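Coordinates as given in coords-v3.cif (mmCIF, C-alpha atoms):
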data_data
loop_
_atom_site.label_atom_id
_atom_site.label_comp_id
_atom_site.auth_asym_id
_atom_site.auth_seq_id
_atom_site.Cartn_x
_atom_site.Cartn_y
_atom_site.Cartn_z
CA MET A 135 -24.38 -50.05 -4.31
CA SER A 136 -20.92 -50.43 -5.76
CA ILE A 137 -19.01 -47.21 -6.47
CA SER A 138 -16.86 -47.31 -9.60
CA MET A 139 -13.38 -45.85 -9.97
CA GLU A 140 -14.69 -43.56 -12.74
CA GLN A 141 -17.20 -42.03 -10.31
CA ILE A 142 -14.49 -41.52 -7.69
CA ASP A 143 -12.16 -39.95 -10.28
CA GLU A 144 -14.91 -37.64 -11.49
CA MET A 145 -15.68 -36.60 -7.90
CA ARG A 146 -12.00 -35.93 -7.19
CA LYS A 147 -11.61 -33.98 -10.44
CA ARG A 148 -14.53 -31.71 -9.66
CA THR A 149 -13.88 -31.18 -5.93
CA ASN A 150 -10.17 -31.85 -5.40
CA CYS A 151 -11.02 -34.17 -2.49
CA SER A 152 -9.25 -37.35 -1.39
CA TYR A 153 -10.12 -40.84 -2.65
CA GLN A 154 -11.49 -41.79 0.76
CA GLU A 155 -13.70 -38.71 1.00
CA ALA A 156 -14.96 -39.19 -2.58
CA LYS A 157 -15.85 -42.84 -1.91
CA GLU A 158 -17.59 -42.04 1.38
CA LEU A 159 -19.67 -39.21 -0.10
CA LEU A 160 -20.62 -41.21 -3.18
CA SER A 161 -21.56 -44.23 -1.02
CA LYS A 162 -23.64 -42.04 1.28
CA HIS A 163 -25.58 -40.67 -1.72
CA ASP A 164 -25.90 -44.05 -3.53
CA GLY A 165 -23.54 -43.01 -6.34
CA ASP A 166 -25.32 -39.70 -7.05
CA LEU A 167 -22.40 -37.47 -8.09
CA ILE A 168 -24.31 -34.21 -7.90
CA GLU A 169 -25.56 -34.85 -4.36
CA ALA A 170 -22.05 -35.88 -3.26
CA ILE A 171 -20.56 -32.67 -4.72
CA ILE A 172 -23.24 -30.53 -3.05
CA GLU A 173 -22.52 -32.08 0.35
CA PHE A 174 -18.77 -31.65 -0.19
CA GLU A 175 -19.27 -27.95 -0.93
CA LYS A 176 -21.47 -27.52 2.14
CA ASN A 177 -18.82 -29.16 4.33
CA HIS A 178 -15.85 -27.33 2.81
CA GLY A 179 -17.27 -23.88 2.07
CA HIS A 180 -17.17 -24.13 -1.74
CA LYS A 181 -13.38 -24.67 -1.81
CA SER A 182 -13.50 -26.86 -4.88
CA LYS A 183 -10.70 -26.94 -7.44
CA SER A 184 -12.75 -25.14 -10.08
CA TYR A 185 -13.60 -22.31 -7.69
CA SER A 186 -9.99 -21.73 -6.64
CA SER A 187 -8.75 -21.91 -10.23
CA GLU A 188 -11.24 -19.19 -11.21
CA LYS A 189 -9.95 -17.07 -8.35
CA ASN A 190 -6.35 -17.64 -9.48
CA ARG A 191 -7.25 -16.68 -13.04
CA GLY A 192 -8.68 -13.40 -11.70
CA LEU A 193 -5.47 -12.72 -9.78
CA GLY A 194 -3.35 -13.51 -12.83
CA LYS A 195 -5.44 -11.14 -14.91
CA LYS A 196 -5.00 -8.36 -12.34
CA VAL A 197 -1.23 -8.89 -12.22
CA LYS A 198 -1.06 -8.81 -16.01
CA GLU A 199 -3.04 -5.54 -16.12
CA LEU A 200 -0.80 -4.02 -13.43
CA ILE A 201 2.35 -4.94 -15.37
CA GLN A 202 0.89 -3.50 -18.58
CA LYS A 203 -0.06 -0.30 -16.77
CA GLY A 204 3.50 -0.06 -15.39
CA PHE A 205 4.97 -0.15 -18.88
CA VAL A 206 2.63 2.59 -20.08
CA THR A 207 3.13 4.83 -17.03
CA ARG A 208 6.34 6.84 -17.47
CA PHE A 209 8.91 8.31 -15.05
CA ILE A 210 10.22 11.55 -16.55
CA ILE A 211 13.05 13.89 -15.51
CA GLU A 212 13.46 17.12 -17.46
CA LYS A 213 15.18 20.48 -17.23
CA ASP A 214 14.27 23.58 -19.22
CA GLU A 215 11.79 21.62 -21.40
CA ASN A 216 14.55 19.09 -22.34
CA ILE A 217 13.73 15.53 -21.37
CA ILE A 218 16.71 13.93 -19.63
CA LEU A 219 15.10 10.58 -18.70
CA ASN A 220 11.85 8.99 -19.87
CA ILE A 221 11.44 5.35 -18.82
CA PRO A 222 8.56 3.06 -17.87
CA VAL A 223 7.87 2.82 -14.15
CA ASN A 224 8.42 -0.97 -14.31
CA ILE A 225 12.01 -0.45 -15.49
CA LEU A 226 12.61 2.06 -12.68
CA LEU A 227 11.21 -0.36 -10.08
CA LEU A 228 13.30 -3.20 -11.49
CA ALA A 229 16.46 -1.08 -11.30
CA VAL A 230 15.69 -0.11 -7.71
CA LEU A 231 15.03 -3.72 -6.72
CA ILE A 232 18.24 -4.98 -8.33
CA THR A 233 20.34 -2.32 -6.63
CA MET A 234 18.52 -2.46 -3.29
CA PRO A 235 21.72 -2.48 -1.13
CA VAL A 236 22.52 1.04 -2.34
CA PHE A 237 18.95 2.33 -2.05
CA TRP A 238 20.10 5.30 0.01
CA LEU A 239 21.99 6.53 -3.09
CA TYR A 240 18.65 6.93 -4.87
CA ILE A 241 17.40 9.16 -2.10
CA ILE A 242 20.51 11.33 -2.29
CA LEU A 243 20.27 11.40 -6.10
CA PHE A 244 16.59 12.34 -5.93
CA ILE A 245 17.29 15.21 -3.51
CA ALA A 246 20.23 16.45 -5.63
CA ILE A 247 18.17 16.39 -8.82
CA TYR A 248 15.36 18.25 -7.07
CA LEU A 249 17.72 20.90 -5.64
CA MET A 250 19.38 21.41 -9.04
CA GLY A 251 16.02 22.46 -10.46
CA TYR A 252 15.12 19.41 -12.51
CA LYS A 253 11.43 18.66 -12.96
CA ILE A 254 10.48 15.13 -11.87
CA ARG A 255 7.09 13.75 -12.86
CA ILE A 256 5.16 10.57 -13.49
CA LYS A 257 2.92 10.48 -16.55
CA LYS A 258 -0.03 8.12 -16.02
CA VAL A 259 -1.82 5.99 -18.59
CA GLU A 260 -4.69 8.44 -19.05
CA GLY A 261 -2.25 11.26 -19.80
CA GLU A 262 -2.62 12.65 -16.29
CA GLU A 263 0.67 13.80 -14.80
CA VAL A 264 1.85 13.66 -11.21
CA ASN A 265 4.40 16.41 -10.63
CA ILE A 266 6.76 15.18 -7.92
CA ASN A 267 8.27 18.67 -7.54
CA ASP A 268 4.87 20.09 -6.55
CA ILE A 269 4.41 17.32 -3.99
CA VAL A 270 7.85 17.94 -2.47
CA ASP A 271 7.23 21.70 -2.44
CA GLY A 272 3.89 21.12 -0.70
CA ILE A 273 5.53 18.92 1.92
CA GLY A 274 8.28 21.52 2.38
CA SER A 275 5.79 24.34 2.92
CA LYS A 276 3.87 22.24 5.46
CA VAL A 277 7.10 21.52 7.33
CA ARG A 278 8.01 25.23 7.31
CA THR A 279 4.55 26.15 8.61
CA ALA A 280 4.77 23.56 11.36
CA THR A 281 8.23 24.73 12.46
CA GLU A 282 7.06 28.35 12.47
CA GLN A 283 4.13 27.37 14.68
CA MET A 284 6.47 25.47 16.99
CA ARG A 285 8.67 28.55 17.29
CA GLU A 286 5.69 30.83 17.95
CA LYS A 287 4.28 28.70 20.78
CA PRO A 288 7.39 28.94 23.01
CA ALA A 289 7.53 32.69 22.30
CA GLU A 290 3.88 33.02 23.41
CA LYS A 291 4.63 31.07 26.59
CA GLU A 292 7.56 33.36 27.38
CA GLN A 293 5.35 36.42 26.87
CA ASN A 294 2.70 34.94 29.19
CA ASN A 295 5.35 34.17 31.81
CA MET A 296 6.73 37.70 31.57
CA LYS A 297 3.22 39.14 32.01
CA SER A 298 2.61 37.04 35.12
CA GLU A 299 6.04 38.04 36.51
CA ASN A 300 5.23 41.69 35.90
CA LYS A 301 2.01 41.28 37.87
CA ASN A 302 3.91 39.73 40.77
CA THR A 303 6.60 42.47 40.95
CA GLY A 304 6.04 44.88 43.74
CA LYS A 305 4.30 42.16 45.75
CA GLU A 306 7.45 40.73 47.30
CA ASP A 307 6.14 41.38 50.83
CA GLN A 308 3.32 38.88 50.35
CA ILE A 309 3.75 35.18 50.99
CA ASN A 310 3.26 32.87 48.04
CA GLU A 311 0.70 30.21 48.80
CA ILE A 312 -0.45 27.14 47.00
CA THR A 313 -3.82 25.91 48.10
CA VAL A 314 -5.11 22.47 47.24
CA GLU A 315 -8.81 22.00 47.87
#

For the structure just supplied, provide its representation as structure tokens.
Amino acid sequence: MSISMEQIDEMRKRTNCSYQEAKELLSKHDGDLIEAIIEFEKNHGHKSKSYSSEKNRGLGKKVKELIQKGFVTRFIIEKDENIILNIPVNILLLAVLITMPVFWLYIILFIAIYLMGYKIRIKKVEGEEVNINDIVDGIGSKVRTATEQMREKPAEKEQNNMKSENKNTGKEDQINEITVE
């Protein structure tokens, strides 16, 4: 059977395969386009052009939703109920990306604003707010607790050592032995 150029073009359009592969599959299946496409999908794991374009459309939709959410989500700095800064998170991220070489300045600025008593928060789309100050305070209290525990452990070890030394005093006439069994 003779395979026409229209059949080959249709096969290529639907599967994104090469001319040679389209001709071979169509010849194998006596010009039956559907059977040729089915075999192509079996051999290539459904990686046809239409499948990948649907996947790309889903990714594009997700990116669009993420960008829209970023413009609705707000970064807010306030002091004594007065709003100092209220910008979309996307604008903040764009500013940080543009000025990336001086990123460390943002960290210093963030710490200074926090120490000066400003309230830093992120207001989400649903109206839910994330209070950055509470998060930083929580981290600070965990660090303080951990350092206190670290200080207590060496003090406990010293007390245990002193107790064992007190037990050994007065026994200077005895020979210290270490026995390995």

Restricting the calculation to all atoms listed in the file: of A:Ile273, A:Val206, A:Val197, A:Ala156, which residue gets closest to Ile221 (chain A)?
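For Ile221 (chain A), the nearest of the given residues is A:Val206.
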
Within 10 Å of region 238-247 of chain A, counting only C-alpha atoms, which residues qualify if same-chain residues fewer than 6 places away don't, as a ChimeraX atom specification?
/A:211-213,230,253-254,270

What is the distance, in Å and to one decimal place, between CA of Ser161 (chain A) and CA of Glu144 (chain A)?
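So the answer is 14.0 Å.
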
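The closest residue to Lys257 (chain A), picked from A:Leu227, A:Thr207, A:Ile232, A:Leu219 and counting only C-alpha atoms, is A:Thr207.
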
Output check: residues returned by the PyMOL selection byres ((chain A and resi 167) around 12), as a PyMOL selection string:
chain A and resi 137-138+140-149+156-166+168-174

Quick one, how far is CA of Lys176 (chain A) from CA of Lys196 (chain A)?
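These atoms are spaced 29.1 Å apart.
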
So what do you get for CA of Arg278 (chain A) versus CA of Arg255 (chain A), distance-wise?
23.2 Å

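Shortest atom-to-atom contact with Lys203 (chain A) among A:Thr279, A:Phe237, A:Asn224, A:Glu286: A:Asn224, counting all atoms listed in the file.
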